[in-house]
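Following: one structure in structure tokens, then a few remarks.
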Amino acid sequence: MIEVIIVVLYALCLVCLLLYCTIEMNLAIQYQKHKKNNPEKLRVWTADMEDDKYPPVTIQLPIFNELYVVERLVDAICKFDYPKDKLQIQVLDDSTDETLEISRKKVEEYKTKGFDISLHHRVDRTGYKAGALQAAMPQVKGEFIAIFDADFIPNADFLLRTLPYFDAYDMGVVQTRWEHINKHYSLLTQIQAFFIDAHFTVEQTGRNIQGYFMNFNGTAGVWRKKTIEDAGGWQADTLTEDLDLSYRAQLKGWKFKYLEGVGSPSELPADMRAFKSQQFRWIKGGAETAAKILPKVAAANLPFPIKLNAFSHLLSSSIYIVIFLSAILSVPLIMVKNQFIEMNYIRYGAFFFLTNIMVAFMYFTSVRNTSKDLKTTWKTFLFILPIFLAITLGLSLHNALAAIRGWLGEKTPFVRTPKFNIRNTKDNWQDKQYTSKEITTLTIVEALFSLYFLFGIGYSFYSGSMELLPFYILAFFGFGATFWYSYAHAKVVKH
């Protein structure tokens, strides 16, 4: 009986992974076709138009304990090529450390220079980022609202490149592509850039060009104020308030536009703890939003392709549950082999191979469109892909637990991702605030799972069952690397 349960569960996991990867590969195919046949032609306003051509814009900067990056953010915003009399800047700083005083001084500095800039500080952080954004809405003067997180350094022409796309009355959001100022800081930042770039090329463009629902990414985008109000405003019942509001707005009929050709520079987390913190918020929030929004999508009068892709999109964070479950089941699978499994076992290896081919195609497409030439594409792709696959497996326990907690409705605080103004390899984060020496129980468990898959490798050789050996090797190195990064980064903290 136990043999049948293992086989059935494992087979269901593989089917789920295959369906998800098929949808992702379709996005990559559509993306390739679009790039080839419809090159992006960006609309740009000039900085010397008549004043009455510029609509009033509010820029909101949600901040919490961002000691090292808040100044550069405010400085970048105040360099925008846009008339001062049409620009309102809201610094939404709920900080509990010296960041608040830095923000206060910056606001006063730019007030004296004629900017309409104000500091909004809440002692009670109810609703976290969503709460801060919603609390500031009554004071918004602009017809449009641009939002930037503290780790961004937007270019001066940002508004001139995004606002032209609001010419249609039902255009609710314009989202730009994230760029990375510290992409080559370490192997960890390269891996992050690898999968984030895939989202901001293949996924966002692929969904947008086909009329599927996409999401505002929480920053580096512009909302029509009326869209936010019509969709019900910012709500804090999920950790991904951006995804939540995006779906509520699109279900109301508002259109979104994604601009791959407009980049917004930002900073990637430099240490494993910060990276895991960001992953937890994205994954748990994605599950919370899926639980909240999926019934509305199911009940909506939408074409089947839009519903299918919406389900895939909203459930994408929960795929880690399937990845982790399939990984755990793969080892006992080779230990309970009987005639039933013997007849079908090769298919499980084939499923593993097929899903990885689909994943590889998607990421190759992404790298090809972010690299300068084909040689660079292959060099980057062949180096990063196996490491990325390993780290994905290594993070599967952490992310699966985050998704499960989201589905169970467990309430957790909005934990910010600390940034340290890291630009090049000479910069460091080890002796700065917001770092931690803590080594969690989960980190130890990740080390144990690395040993679990080492056993799987050994048993494969012992039993002669080599079909899933590549998977075990990736999982062994993935869990081992996740543990090592977590442990090593905690040990190098100097304060």
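Ordering of the structure tokens sets the chain letters (A, B, ...), residue numbers begin anew at 1 in every chain, and ligands are numbered from 1 in the order given.
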
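With only C-alpha atoms taken into account, the protein and nucleic acid residues at most 9 Å from Gly221 of chain A (excluding it and anything under 2 positions from it in its own chain) are Ile145, Ala146, Ile147, Phe148, Thr162, Val173, Val174, Gln175, Thr176, Arg177, Phe216, Asn217, Gly218, Thr219 and Trp223 of chain A.
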
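The protein and nucleic acid residues lying at most 9 Å from Ile209 of chain A are A:Gln30, A:Tyr31, A:His34, A:Lys257, A:Tyr258, with only C-alpha atoms considered and sequence neighbours fewer than 6 positions away removed.
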
What are the closest atom pairs, with distances in Å to one decimal, for all residues of segment 224-332 of chain A lying within 12 Å of segment 66-85 of chain A? Consider only C-alpha atoms, order rows by chain and residue number, and present the result as a tab-separated table.
residue	atom	partner	partner_atom	distance
A:Ser264	CA	A:Ala76	CA	11.4
A:Pro265	CA	A:Ala76	CA	10.9
A:Ser266	CA	A:Leu73	CA	10.0
A:Glu267	CA	A:Val69	CA	9.6

Could you write out the selected residues, including C-alpha atoms, as a tab-separated table (two decimals), in the first residue's frame?
chain	number	residue	atom	x	y	z
A	264	SER	CA	14.73	50.95	-13.35
A	265	PRO	CA	18.02	50.29	-11.50
A	266	SER	CA	17.82	48.63	-8.09
A	267	GLU	CA	19.92	46.73	-5.56

For segment 95-98 of chain A, work out the shell of residues within 9 Å, counting only C-alpha atoms and skipping chain neighbours fewer than 2 positions away, then give it as a ChimeraX atom specification.
/A:63-67,93,100-103,121-123

From a DSSP calculation on the backbone, collect every residue of segment 318-487 of chain A in helix (DSSP H, G or I) and output the set as a PyMOL selection string.
chain A and resi 318-335+339-368+374-394+396-407+441-463+469-487

Report as a PyMOL selection string all protein, DNA and RNA residues lying within 10 Å of Ala360 of chain A, evaluated on only C-alpha atoms, omitting residues in the same chain fewer than 2 positions from it.
chain A and resi 25+354-358+362-366+381-382+385-386+389

Export of prior selection with C-alpha atoms as a short mmCIF file (atom, residue, chain, number, x, y, z; two decimals), in the first residue's frame:
data_model
loop_
_atom_site.label_atom_id
_atom_site.label_comp_id
_atom_site.auth_asym_id
_atom_site.auth_seq_id
_atom_site.Cartn_x
_atom_site.Cartn_y
_atom_site.Cartn_z
CA MET A 25 7.33 27.54 -22.01
CA LEU A 354 11.37 17.03 -19.98
CA THR A 355 10.50 19.59 -17.30
CA ASN A 356 14.12 20.67 -17.09
CA ILE A 357 14.28 21.12 -20.87
CA MET A 358 11.24 23.42 -20.64
CA MET A 362 12.57 29.65 -20.81
CA TYR A 363 15.76 30.81 -19.11
CA PHE A 364 17.81 30.61 -22.29
CA THR A 365 15.22 32.87 -23.92
CA SER A 366 15.58 35.32 -21.05
CA PHE A 381 23.39 30.20 -19.41
CA LEU A 382 25.59 27.11 -19.09
CA LEU A 385 21.49 27.30 -15.02
CA PRO A 386 22.71 24.21 -13.07
CA LEU A 389 18.36 24.63 -10.46
#

What does the structure give for the distance between atom CA of Asn215 of chain A and atom CA of Glu203 of chain A, in Å to one decimal?
10.2 Å

Set the distance at 6 Å and use only C-alpha atoms: which residues neighbour segment 478-486 of chain A once local chain neighbours fewer than 4 positions away are removed? I'd like the list as a ChimeraX atom specification.
/A:272,390-391,393-394,443,446-447,450,474

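Counting only C-alpha atoms, the residue from A:Leu329, A:Ile153, A:Ile191, A:Val297 that sits nearest to Leu12 of chain A is A:Leu329.
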
Wanna dump the segment 349-429 of chain A-segment 234-255 of chain A contacts at 12 Å for me, each residue with its shortest atom pair and the distance in Å to one decimal, counting only C-alpha atoms, ordered by chain and number, as a tab-separated table?
residue	atom	partner	partner_atom	distance
A:Ala402	CA	A:Leu239	CA	11.2
A:Ala403	CA	A:Leu239	CA	11.5
A:Arg405	CA	A:Thr238	CA	11.6
A:Gly406	CA	A:Thr238	CA	8.5
A:Trp407	CA	A:Thr238	CA	10.8
A:Gly409	CA	A:Thr238	CA	9.2
A:Glu410	CA	A:Thr238	CA	10.3
A:Lys411	CA	A:Asp237	CA	8.7
A:Thr412	CA	A:Leu239	CA	8.5
A:Pro413	CA	A:Leu239	CA	8.2
A:Phe414	CA	A:Leu239	CA	6.3
A:Val415	CA	A:Leu239	CA	9.2
A:Arg416	CA	A:Leu239	CA	10.7

Could you write those residues out with C-alpha atoms, as a short mmCIF file (atom, residue, chain, number, x, y, z; two decimals), in the first residue's frame?
data_model
loop_
_atom_site.label_atom_id
_atom_site.label_comp_id
_atom_site.auth_asym_id
_atom_site.auth_seq_id
_atom_site.Cartn_x
_atom_site.Cartn_y
_atom_site.Cartn_z
CA ALA A 402 6.21 29.94 3.41
CA ALA A 403 3.53 28.93 0.89
CA ARG A 405 1.74 29.23 6.00
CA GLY A 406 0.14 31.52 3.43
CA TRP A 407 -2.54 28.99 2.52
CA GLY A 409 -3.88 32.01 6.76
CA GLU A 410 -1.17 32.40 9.41
CA LYS A 411 -0.51 36.07 10.06
CA THR A 412 3.13 37.16 9.97
CA PRO A 413 4.69 40.64 9.93
CA PHE A 414 5.96 42.33 6.77
CA VAL A 415 9.71 41.78 7.14
CA ARG A 416 11.63 44.22 4.97
#
